[in-house]
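Chemist: Supplied structure: protein_22.json, JSON, C-alpha atoms and all ligand atoms.
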```json
[["chain", "number", "residue", "atom", "x", "y", "z"],
["A", 1, "MET", "CA", -138.66, 54.98, -63.64],
["A", 2, "VAL", "CA", -139.59, 54.47, -59.99],
["A", 3, "PHE", "CA", -141.89, 57.16, -58.70],
["A", 4, "MET", "CA", -142.70, 57.58, -55.03],
["A", 5, "LYS", "CA", -145.71, 59.55, -53.97],
["A", 6, "ILE", "CA", -146.94, 60.53, -50.51],
["A", 7, "ARG", "CA", -150.65, 61.31, -50.14],
["A", 8, "LYS", "CA", -153.45, 61.28, -47.57],
["A", 9, "SER", "CA", -154.93, 57.81, -47.09],
["A", 10, "THR", "CA", -158.54, 57.05, -47.98],
["A", 11, "GLU", "CA", -160.75, 54.08, -47.10],
["A", 12, "LYS", "CA", -159.82, 52.51, -50.46],
["A", 13, "ASP", "CA", -156.24, 52.15, -49.21],
["A", 14, "PHE", "CA", -157.16, 49.81, -46.34],
["A", 15, "ALA", "CA", -156.31, 46.55, -48.16],
["A", 16, "GLY", "CA", -152.95, 47.88, -49.39],
["A", 17, "MET", "CA", -152.03, 49.16, -45.92],
["A", 18, "MET", "CA", -152.99, 45.81, -44.38],
["A", 19, "GLU", "CA", -150.77, 44.02, -46.91],
["A", 20, "VAL", "CA", -147.79, 46.08, -45.79],
["A", 21, "ALA", "CA", -148.71, 45.44, -42.13],
["A", 22, "LYS", "CA", -148.80, 41.67, -42.75],
["A", 23, "ARG", "CA", -145.28, 41.80, -44.16],
["A", 24, "LEU", "CA", -144.19, 43.27, -40.81],
["A", 25, "TYR", "CA", -145.75, 40.30, -38.94],
["A", 26, "PRO", "CA", -144.53, 38.74, -36.66],
["A", 27, "THR", "CA", -141.28, 40.69, -36.32],
["A", 28, "TRP", "CA", -142.83, 44.08, -35.52],
["A", 29, "PHE", "CA", -146.60, 43.66, -35.44],
["A", 30, "ASP", "CA", -148.01, 40.76, -33.41],
["A", 31, "LYS", "CA", -151.14, 38.65, -33.89],
["A", 32, "THR", "CA", -153.33, 40.98, -31.85],
["A", 33, "ALA", "CA", -152.18, 43.96, -33.92],
["A", 34, "ILE", "CA", -152.80, 42.19, -37.25],
["A", 35, "ASN", "CA", -156.07, 40.45, -36.38],
["A", 36, "GLU", "CA", -157.75, 42.86, -33.96],
["A", 37, "SER", "CA", -156.23, 46.33, -33.73],
["A", 38, "MET", "CA", -155.17, 47.24, -37.25],
["A", 39, "PRO", "CA", -158.30, 46.02, -39.11],
["A", 40, "VAL", "CA", -160.26, 48.61, -37.12],
["A", 41, "ASP", "CA", -157.67, 51.36, -36.61],
["A", 42, "LEU", "CA", -156.54, 51.50, -40.25],
["A", 43, "LYS", "CA", -160.17, 52.03, -41.32],
["A", 44, "ILE", "CA", -160.81, 54.80, -38.79],
["A", 45, "HIS", "CA", -157.58, 56.70, -38.16],
["A", 46, "LYS", "CA", -156.42, 59.39, -40.56],
["A", 47, "GLY", "CA", -153.01, 59.11, -42.14],
["A", 48, "TYR", "CA", -150.75, 59.15, -45.17],
["A", 49, "ILE", "CA", -149.51, 56.44, -47.50],
["A", 50, "ALA", "CA", -146.41, 56.08, -49.67],
["A", 51, "GLU", "CA", -147.01, 54.67, -53.12],
["A", 52, "GLU", "CA", -144.34, 53.46, -55.49],
["A", 53, "ASP", "CA", -145.50, 52.84, -59.06],
["A", 54, "GLY", "CA", -149.09, 52.72, -57.77],
["A", 55, "LYS", "CA", -148.35, 50.14, -55.04],
["A", 56, "ILE", "CA", -148.64, 51.00, -51.33],
["A", 57, "VAL", "CA", -145.23, 50.48, -49.69],
["A", 58, "GLY", "CA", -145.71, 52.35, -46.41],
["A", 59, "PHE", "CA", -148.17, 54.17, -44.18],
["A", 60, "ILE", "CA", -148.48, 56.35, -41.10],
["A", 61, "THR", "CA", -151.70, 56.88, -39.11],
["A", 62, "TYR", "CA", -152.47, 59.04, -36.10],
["A", 63, "THR", "CA", -155.09, 59.79, -33.48],
["A", 64, "SER", "CA", -156.22, 62.95, -31.77],
["A", 65, "ASP", "CA", -157.44, 62.81, -28.17],
["A", 66, "LYS", "CA", -158.46, 66.16, -26.69],
["A", 67, "GLY", "CA", -155.79, 67.93, -28.70],
["A", 68, "LYS", "CA", -153.03, 65.41, -28.04],
["A", 69, "ILE", "CA", -151.77, 63.76, -31.21],
["A", 70, "GLU", "CA", -150.21, 60.31, -31.25],
["A", 71, "ILE", "CA", -148.90, 58.19, -34.11],
["A", 72, "SER", "CA", -150.99, 55.02, -33.99],
["A", 73, "TRP", "CA", -149.23, 52.95, -36.66],
["A", 74, "ILE", "CA", -146.28, 53.38, -38.99],
["A", 75, "GLY", "CA", -144.94, 50.67, -41.25],
["A", 76, "ILE", "CA", -142.75, 50.41, -44.31],
["A", 77, "ASP", "CA", -142.60, 47.24, -46.43],
["A", 78, "PRO", "CA", -139.32, 45.47, -45.43],
["A", 79, "ASN", "CA", -138.14, 45.61, -49.07],
["A", 80, "TYR", "CA", -138.49, 49.40, -49.05],
["A", 81, "GLN", "CA", -137.08, 50.27, -45.63],
["A", 82, "ARG", "CA", -134.09, 52.57, -45.12],
["A", 83, "ARG", "CA", -134.83, 54.55, -48.28],
["A", 84, "GLY", "CA", -136.23, 57.62, -46.58],
["A", 85, "ILE", "CA", -139.91, 56.66, -46.97],
["A", 86, "GLY", "CA", -140.66, 56.62, -43.22],
["A", 87, "SER", "CA", -138.99, 60.05, -42.88],
["A", 88, "LYS", "CA", -141.08, 61.45, -45.74],
["A", 89, "LEU", "CA", -144.33, 60.13, -44.27],
["A", 90, "LEU", "CA", -143.51, 61.52, -40.83],
["A", 91, "LYS", "CA", -142.48, 64.92, -42.22],
["A", 92, "ARG", "CA", -145.72, 65.14, -44.16],
["A", 93, "LEU", "CA", -147.72, 64.39, -41.02],
["A", 94, "GLU", "CA", -145.69, 66.92, -39.00],
["A", 95, "SER", "CA", -146.23, 69.73, -41.50],
["A", 96, "GLY", "CA", -149.97, 69.03, -41.56],
["A", 97, "LEU", "CA", -150.05, 69.16, -37.76],
["A", 98, "ARG", "CA", -148.00, 72.40, -37.58],
["A", 99, "GLN", "CA", -150.47, 74.02, -39.95],
["A", 100, "ILE", "CA", -153.26, 73.50, -37.42],
["A", 101, "GLY", "CA", -151.13, 74.64, -34.49],
["A", 102, "VAL", "CA", -150.22, 71.28, -32.94],
["A", 103, "LYS", "CA", -147.08, 71.67, -30.82],
["A", 104, "GLU", "CA", -146.21, 68.09, -29.81],
["A", 105, "LEU", "CA", -146.35, 64.65, -31.37],
["A", 106, "ARG", "CA", -146.10, 61.39, -29.42],
["A", 107, "VAL", "CA", -145.57, 57.74, -30.27],
["A", 108, "LYS", "CA", -145.44, 54.63, -28.11],
["A", 109, "THR", "CA", -143.01, 51.84, -28.85],
["A", 110, "VAL", "CA", -141.07, 48.99, -27.25],
["A", 111, "ALA", "CA", -138.57, 50.48, -24.77],
["A", 112, "GLU", "CA", -134.82, 49.89, -24.85],
["A", 113, "SER", "CA", -135.05, 48.02, -21.53],
["A", 114, "THR", "CA", -137.08, 45.31, -23.30],
["A", 115, "ILE", "CA", -134.39, 43.43, -25.19],
["A", 116, "TYR", "CA", -135.84, 42.78, -28.64],
["A", 117, "LYS", "CA", -133.54, 43.53, -31.58],
["A", 118, "PRO", "CA", -136.06, 44.47, -34.32],
["A", 119, "TYR", "CA", -137.18, 47.51, -32.33],
["A", 120, "ASP", "CA", -133.62, 48.92, -32.23],
["A", 121, "GLN", "CA", -134.21, 50.31, -35.73],
["A", 122, "THR", "CA", -137.61, 51.64, -34.74],
["A", 123, "ARG", "CA", -136.13, 53.64, -31.84],
["A", 124, "ALA", "CA", -133.15, 54.69, -34.02],
["A", 125, "PHE", "CA", -135.68, 56.06, -36.50],
["A", 126, "TYR", "CA", -137.66, 58.04, -33.90],
["A", 127, "ARG", "CA", -134.46, 59.43, -32.32],
["A", 128, "LYS", "CA", -133.11, 60.46, -35.74],
["A", 129, "MET", "CA", -136.40, 62.22, -36.40],
["A", 130, "GLY", "CA", -136.06, 64.24, -33.18],
["A", 131, "PHE", "CA", -138.15, 62.25, -30.67],
["A", 132, "GLU", "CA", -137.04, 61.79, -27.05],
["A", 133, "VAL", "CA", -138.25, 59.35, -24.39],
["A", 134, "GLU", "CA", -140.87, 60.96, -22.14],
["A", 135, "LYS", "CA", -141.76, 57.95, -19.96],
["A", 136, "VAL", "CA", -141.53, 54.18, -19.76],
["A", 137, "GLU", "CA", -144.31, 52.00, -18.33],
["A", 138, "LYS", "CA", -144.97, 48.31, -17.87],
["A", 139, "VAL", "CA", -147.76, 46.97, -20.03],
["A", 140, "TRP", "CA", -149.17, 43.51, -20.58],
["A", 141, "SER", "CA", -148.98, 41.82, -23.96],
["A", 142, "LYS", "CA", -152.01, 39.75, -24.92],
["A", 143, "ASP", "CA", -149.81, 37.83, -27.38],
["A", 144, "THR", "CA", -147.05, 36.71, -25.02],
["A", 145, "GLY", "CA", -149.04, 36.89, -21.78],
["A", 146, "LYS", "CA", -146.06, 38.75, -20.31],
["A", 147, "GLU", "CA", -145.30, 42.31, -19.25],
["A", 148, "PHE", "CA", -142.88, 44.45, -21.24],
["A", 149, "ASP", "CA", -141.61, 48.04, -21.08],
["A", 150, "LEU", "CA", -143.38, 50.48, -23.36],
["A", 151, "ALA", "CA", -141.78, 53.88, -24.03],
["A", 152, "THR", "CA", -143.63, 57.04, -24.94],
["A", 153, "PHE", "CA", -141.53, 59.25, -27.23],
["A", 154, "VAL", "CA", -142.35, 62.93, -27.71],
["A", 155, "LYS", "CA", -141.24, 65.49, -30.28],
["A", 156, "LYS", "CA", -141.77, 69.27, -30.15],
["A", 157, "LEU", "CA", -143.09, 70.43, -33.51],
["A", 201, "LIG", "C1", -139.30, 52.47, -38.34],
["A", 201, "LIG", "C2", -139.59, 52.54, -39.85],
["A", 201, "LIG", "C3", -141.01, 53.04, -40.06],
["A", 201, "LIG", "C4", -138.58, 53.52, -40.48],
["A", 201, "LIG", "O1", -138.93, 53.70, -41.84],
["A", 201, "LIG", "P1", -137.81, 53.77, -42.99],
["A", 201, "LIG", "O2", -138.42, 54.23, -44.24],
["A", 201, "LIG", "O3", -137.11, 52.44, -43.04],
["A", 201, "LIG", "O4", -136.79, 54.84, -42.37],
["A", 201, "LIG", "P2", -135.90, 55.95, -43.13],
["A", 201, "LIG", "O5", -135.25, 55.32, -44.33],
["A", 201, "LIG", "O6", -136.73, 57.16, -43.37],
["A", 201, "LIG", "O7", -134.79, 56.22, -42.01],
["A", 201, "LIG", "C5", -134.56, 57.50, -41.43],
["A", 201, "LIG", "C6", -133.47, 57.36, -40.39],
["A", 201, "LIG", "O8", -133.90, 56.49, -39.34],
["A", 201, "LIG", "C7", -132.77, 55.70, -38.87],
["A", 201, "LIG", "N1", -132.97, 54.29, -39.22],
["A", 201, "LIG", "C8", -133.94, 53.77, -40.01],
["A", 201, "LIG", "N2", -133.78, 52.43, -40.14],
["A", 201, "LIG", "C9", -132.67, 52.12, -39.42],
["A", 201, "LIG", "C10", -131.98, 50.89, -39.18],
["A", 201, "LIG", "N3", -132.39, 49.72, -39.72],
["A", 201, "LIG", "N4", -130.88, 50.92, -38.39],
["A", 201, "LIG", "C11", -130.44, 52.07, -37.84],
["A", 201, "LIG", "N5", -131.05, 53.28, -38.06],
["A", 201, "LIG", "C12", -132.15, 53.29, -38.84],
["A", 201, "LIG", "C13", -131.55, 56.22, -39.63],
["A", 201, "LIG", "O9", -130.98, 57.29, -38.87],
["A", 201, "LIG", "C14", -132.19, 56.74, -40.92],
["A", 201, "LIG", "O10", -131.42, 57.73, -41.57],
["A", 201, "LIG", "P3", -130.19, 57.30, -42.54],
["A", 201, "LIG", "O11", -130.70, 56.20, -43.43],
["A", 201, "LIG", "O12", -129.87, 58.56, -43.28],
["A", 201, "LIG", "O13", -129.09, 56.82, -41.64],
["A", 201, "LIG", "C15", -139.39, 51.15, -40.52],
["A", 201, "LIG", "O14", -138.14, 50.63, -40.11],
["A", 201, "LIG", "C16", -140.46, 50.13, -40.19],
["A", 201, "LIG", "O15", -141.45, 49.99, -40.90],
["A", 201, "LIG", "N6", -140.27, 49.36, -39.11],
["A", 201, "LIG", "C17", -141.16, 48.27, -38.77],
["A", 201, "LIG", "C18", -142.46, 48.74, -38.19],
["A", 201, "LIG", "C19", -142.29, 49.56, -36.93],
["A", 201, "LIG", "O16", -141.31, 49.47, -36.22],
["A", 201, "LIG", "N7", -143.29, 50.42, -36.67],
["A", 201, "LIG", "C20", -143.32, 51.25, -35.52],
["A", 201, "LIG", "C21", -143.93, 50.55, -34.39],
["A", 201, "LIG", "S1", -144.03, 51.64, -32.97]]
```
How does the structure come out when it is put into structure tokens?
Ligand SMILES: CC(C)(COP(=O)(O)OP(=O)(O)OC[C@H]1O[C@@H](n2cnc3c(N)ncnc32)[C@H](O)[C@@H]1OP(=O)(O)O)[C@@H](O)C(=O)NCCC(=O)NCCS
Modeler:
Amino acid sequence: MVFMKIRKSTEKDFAGMMEVAKRLYPTWFDKTAINESMPVDLKIHKGYIAEEDGKIVGFITYTSDKGKIEISWIGIDPNYQRRGIGSKLLKRLESGLRQIGVKELRVKTVAESTIYKPYDQTRAFYRKMGFEVEKVEKVWSKDTGKEFDLATFVKKL
């Protein structure tokens, strides 16, 4: 029987989280994310992982900056997407945040004005989970050497 478990991540989960991240390369996570950002962030940021039969199939991590909480990374193995795992991870994070009195949660992602199909599902996911666009800004991508529109989504908890 398949058994899915959500739990807080520990430093021992780093390799398993990185494996999931690499399966999302290059469609969602670029070279800079895989080689530079995630190897550090996934060791330092707190978060939760989803395990199916003992194997990590998804993760969510977050940061706190002077009381403002932002999702840093979320990723579900492509073979396990659209099964409610992302929703479960996010709900677990939200309930943990509510317990300590956090009122808002933010996440940054590729904006609708940047035409790139894979991120349609990412924005569909955040909207379904109750996030709304707060602002859109131009940022520079080290990978492409070009500017793109980055949206900040916010949800009231
Ligand atoms: C975004 C992501 C984390 C969602 O995780 P998931 O486990 O696949 O999502 P869920 O199954 O919990 O989906 C919840 C809802 O989100 C929406 N959604 C999710 N995937 C969708 C898709 N491919 N198309 C349209 N809507 C989608 C739906 O409303 C869905 O509810 P429903 O299945 O009842 O219709 C996952 O797609 C992913 O890992 N994407 C690649 C990495 C990424 O984009 N990270 C974020 C970078 S900012």
Chemist: Around ligand LIG 201 (chain A), which protein and nucleic acid residues have at least one atom no more than 8 Å from it, if we count only C-alpha atoms and all ligand atoms? List them as number ranges by chain.
Modeler: A: 24, 27-29, 58, 72-78, 80-88, 107-110, 118-129
Chemist: How would you write as a list in words the residues that get within 10 Å of (-155.6, 60.6, -40.8) in the file's frame, counting only C-alpha atoms?
Modeler: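 Residues lying no farther than 10 Å from the given point: Lys8, Ser9, Thr10, Leu42, Lys43, Ile44, His45, Lys46, Gly47, Tyr48, Ile49, Ile60, Thr61, Tyr62, Thr63, Ser64, Ile71, Ser72 and Leu93 of chain A.
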Chemist: My list of candidates is A:Ala15, A:Ile115, A:Leu105, A:Val133. Which is closest to A:Leu157 when distances are computed with all atoms listed in the file?
Modeler: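 Going through A:Ala15, A:Ile115, A:Leu105, A:Val133 one by one, the smallest distance to A:Leu157 is for A:Leu105.
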Chemist: Let me know the centre plus edge lengths, in Å and rounded to one decimal, of a box with edges along x, y and z that contains all listed atoms of stretch 126-143 of chain A and is padded by 6 Å on every side, as JSON.
Modeler:
```
{"center_x": -142.6, "center_y": 51.0, "center_z": -27.1, "size_x": 30.9, "size_y": 38.4, "size_z": 30.5}
```
Chemist: Which residue is closest to A:Lys138? Choose from A:Glu51, A:Glu36, A:Thr152, A:Asp13 and count all atoms listed in the file.
Modeler: A:Thr152
Chemist: Measure the distance from atom CA of A:Glu147 to atom CA of A:Lys22 in Å and round it to one decimal.
Modeler: 23.8 Å
Chemist: What's the 12 Å shell around A:Arg98, counting all atoms listed in the file, without same-chain residues fewer than 6 positions away, as a list of chain:residue names?
Modeler: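 These residues fall inside the cut-off: A:Ile69, A:Lys91, A:Arg92, A:Glu104, A:Leu105, A:Lys156, A:Leu157.
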Chemist: Tell me which of A:Asp149, A:Glu134, A:Glu70, A:Asp143 sits closest to A:Ile34, counting all atoms listed in the file.
Modeler: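 When distances to A:Ile34 are compared using all atoms listed in the file, the smallest one comes from A:Asp143.
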Chemist: Measuring atom to atom with all atoms listed in the file, identify which of A:Lys68, A:Met17, A:Glu132, A:Lys155 is nearest to A:Leu90.
Modeler: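 That would be A:Lys155, the residue with the smallest distance to A:Leu90.
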Chemist: Between atom CA of A:Met4 and atom CA of A:Gln99, what distance in Å does the model show, to one decimal?
Modeler: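 Distance reported for this atom pair: 23.6 Å.
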Chemist: Could you check how far atom CA of A:Trp140 sits from atom CA of A:Met18, in Å to one decimal?
Modeler: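 We find that atom CA of A:Trp140 and atom CA of A:Met18 lie 24.2 Å from each other.
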Chemist: Which residue gives the smallest distance to A:Ala21 among A:Glu94, A:Met38, A:Lys55, A:Val102, with only C-alpha atoms counted?
Modeler: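 For A:Ala21, the nearest of the candidates is A:Met38.
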Chemist: From the options A:Ala151, A:Leu89, A:Val136, A:Val20, which residue's atoms come nearest to A:Ala50, counting only C-alpha atoms?
Modeler: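 Among the listed residues, A:Leu89 lies closest to A:Ala50.
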Chemist: Because the input lacks atoms here, generate N, CA, C and O atoms for stretch 113-134 of chain A and report them as an mmCIF file, in the coordinates of the input.
Modeler:
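File produced: result_29.cif:
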```cif
data_model
loop_
_atom_site.group_PDB
_atom_site.id
_atom_site.type_symbol
_atom_site.label_atom_id
_atom_site.label_comp_id
_atom_site.auth_asym_id
_atom_site.auth_seq_id
_atom_site.Cartn_x
_atom_site.Cartn_y
_atom_site.Cartn_z
ATOM 1 N N SER A 113 -135.233 48.972 -22.627
ATOM 2 C CA SER A 113 -135.050 48.020 -21.530
ATOM 3 C C SER A 113 -135.687 46.656 -21.829
ATOM 4 O O SER A 113 -135.405 45.678 -21.147
ATOM 5 N N THR A 114 -136.553 46.594 -22.841
ATOM 6 C CA THR A 114 -137.080 45.310 -23.300
ATOM 7 C C THR A 114 -136.174 44.856 -24.442
ATOM 8 O O THR A 114 -136.185 45.451 -25.514
ATOM 9 N N ILE A 115 -135.370 43.837 -24.175
ATOM 10 C CA ILE A 115 -134.390 43.430 -25.190
ATOM 11 C C ILE A 115 -135.109 42.700 -26.327
ATOM 12 O O ILE A 115 -135.574 41.573 -26.159
ATOM 13 N N TYR A 116 -135.219 43.375 -27.459
ATOM 14 C CA TYR A 116 -135.840 42.780 -28.640
ATOM 15 C C TYR A 116 -135.290 43.533 -29.858
ATOM 16 O O TYR A 116 -135.681 44.667 -30.145
ATOM 17 N N LYS A 117 -134.348 42.886 -30.546
ATOM 18 C CA LYS A 117 -133.540 43.530 -31.580
ATOM 19 C C LYS A 117 -134.313 44.315 -32.657
ATOM 20 O O LYS A 117 -133.915 45.426 -33.004
ATOM 21 N N PRO A 118 -135.408 43.748 -33.220
ATOM 22 C CA PRO A 118 -136.060 44.470 -34.320
ATOM 23 C C PRO A 118 -136.475 45.910 -33.971
ATOM 24 O O PRO A 118 -136.519 46.767 -34.850
ATOM 25 N N TYR A 119 -136.752 46.157 -32.689
ATOM 26 C CA TYR A 119 -137.180 47.510 -32.330
ATOM 27 C C TYR A 119 -136.024 48.487 -32.147
ATOM 28 O O TYR A 119 -136.248 49.676 -31.941
ATOM 29 N N ASP A 120 -134.760 47.994 -32.263
ATOM 30 C CA ASP A 120 -133.620 48.920 -32.230
ATOM 31 C C ASP A 120 -133.747 49.923 -33.380
ATOM 32 O O ASP A 120 -133.513 51.108 -33.214
ATOM 33 N N GLN A 121 -134.117 49.410 -34.564
ATOM 34 C CA GLN A 121 -134.210 50.310 -35.730
ATOM 35 C C GLN A 121 -135.395 51.265 -35.603
ATOM 36 O O GLN A 121 -135.333 52.400 -36.049
ATOM 37 N N THR A 122 -136.436 50.787 -34.941
ATOM 38 C CA THR A 122 -137.610 51.640 -34.740
ATOM 39 C C THR A 122 -137.237 52.838 -33.857
ATOM 40 O O THR A 122 -137.523 53.996 -34.189
ATOM 41 N N ARG A 123 -136.544 52.544 -32.735
ATOM 42 C CA ARG A 123 -136.130 53.640 -31.840
ATOM 43 C C ARG A 123 -135.076 54.511 -32.499
ATOM 44 O O ARG A 123 -135.097 55.737 -32.332
ATOM 45 N N ALA A 124 -134.172 53.891 -33.297
ATOM 46 C CA ALA A 124 -133.150 54.690 -34.020
ATOM 47 C C ALA A 124 -133.852 55.674 -34.948
ATOM 48 O O ALA A 124 -133.454 56.839 -35.066
ATOM 49 N N PHE A 125 -134.906 55.202 -35.596
ATOM 50 C CA PHE A 125 -135.680 56.060 -36.500
ATOM 51 C C PHE A 125 -136.304 57.235 -35.733
ATOM 52 O O PHE A 125 -136.129 58.393 -36.117
ATOM 53 N N TYR A 126 -137.004 56.943 -34.637
ATOM 54 C CA TYR A 126 -137.660 58.040 -33.900
ATOM 55 C C TYR A 126 -136.636 59.043 -33.370
ATOM 56 O O TYR A 126 -136.857 60.249 -33.421
ATOM 57 N N ARG A 127 -135.497 58.525 -32.847
ATOM 58 C CA ARG A 127 -134.460 59.430 -32.320
ATOM 59 C C ARG A 127 -133.913 60.308 -33.434
ATOM 60 O O ARG A 127 -133.761 61.519 -33.251
ATOM 61 N N LYS A 128 -133.634 59.696 -34.597
ATOM 62 C CA LYS A 128 -133.110 60.460 -35.740
ATOM 63 C C LYS A 128 -134.087 61.556 -36.147
ATOM 64 O O LYS A 128 -133.701 62.648 -36.560
ATOM 65 N N MET A 129 -135.382 61.263 -36.003
ATOM 66 C CA MET A 129 -136.400 62.220 -36.400
ATOM 67 C C MET A 129 -136.687 63.262 -35.306
ATOM 68 O O MET A 129 -137.585 64.090 -35.453
ATOM 69 N N GLY A 130 -135.964 63.186 -34.196
ATOM 70 C CA GLY A 130 -136.060 64.240 -33.180
ATOM 71 C C GLY A 130 -136.945 63.919 -31.988
ATOM 72 O O GLY A 130 -137.273 64.803 -31.191
ATOM 73 N N PHE A 131 -137.340 62.654 -31.829
ATOM 74 C CA PHE A 131 -138.150 62.250 -30.670
ATOM 75 C C PHE A 131 -137.242 61.917 -29.487
ATOM 76 O O PHE A 131 -136.115 61.451 -29.671
ATOM 77 N N GLU A 132 -137.759 62.154 -28.270
ATOM 78 C CA GLU A 132 -137.040 61.790 -27.050
ATOM 79 C C GLU A 132 -137.980 61.008 -26.136
ATOM 80 O O GLU A 132 -139.194 61.241 -26.159
ATOM 81 N N VAL A 133 -137.408 60.136 -25.300
ATOM 82 C CA VAL A 133 -138.250 59.350 -24.390
ATOM 83 C C VAL A 133 -138.852 60.268 -23.325
ATOM 84 O O VAL A 133 -138.146 61.048 -22.696
ATOM 85 N N GLU A 134 -140.158 60.179 -23.151
ATOM 86 C CA GLU A 134 -140.870 60.960 -22.140
ATOM 87 C C GLU A 134 -141.104 60.118 -20.886
ATOM 88 O O GLU A 134 -140.935 60.570 -19.770
#
```
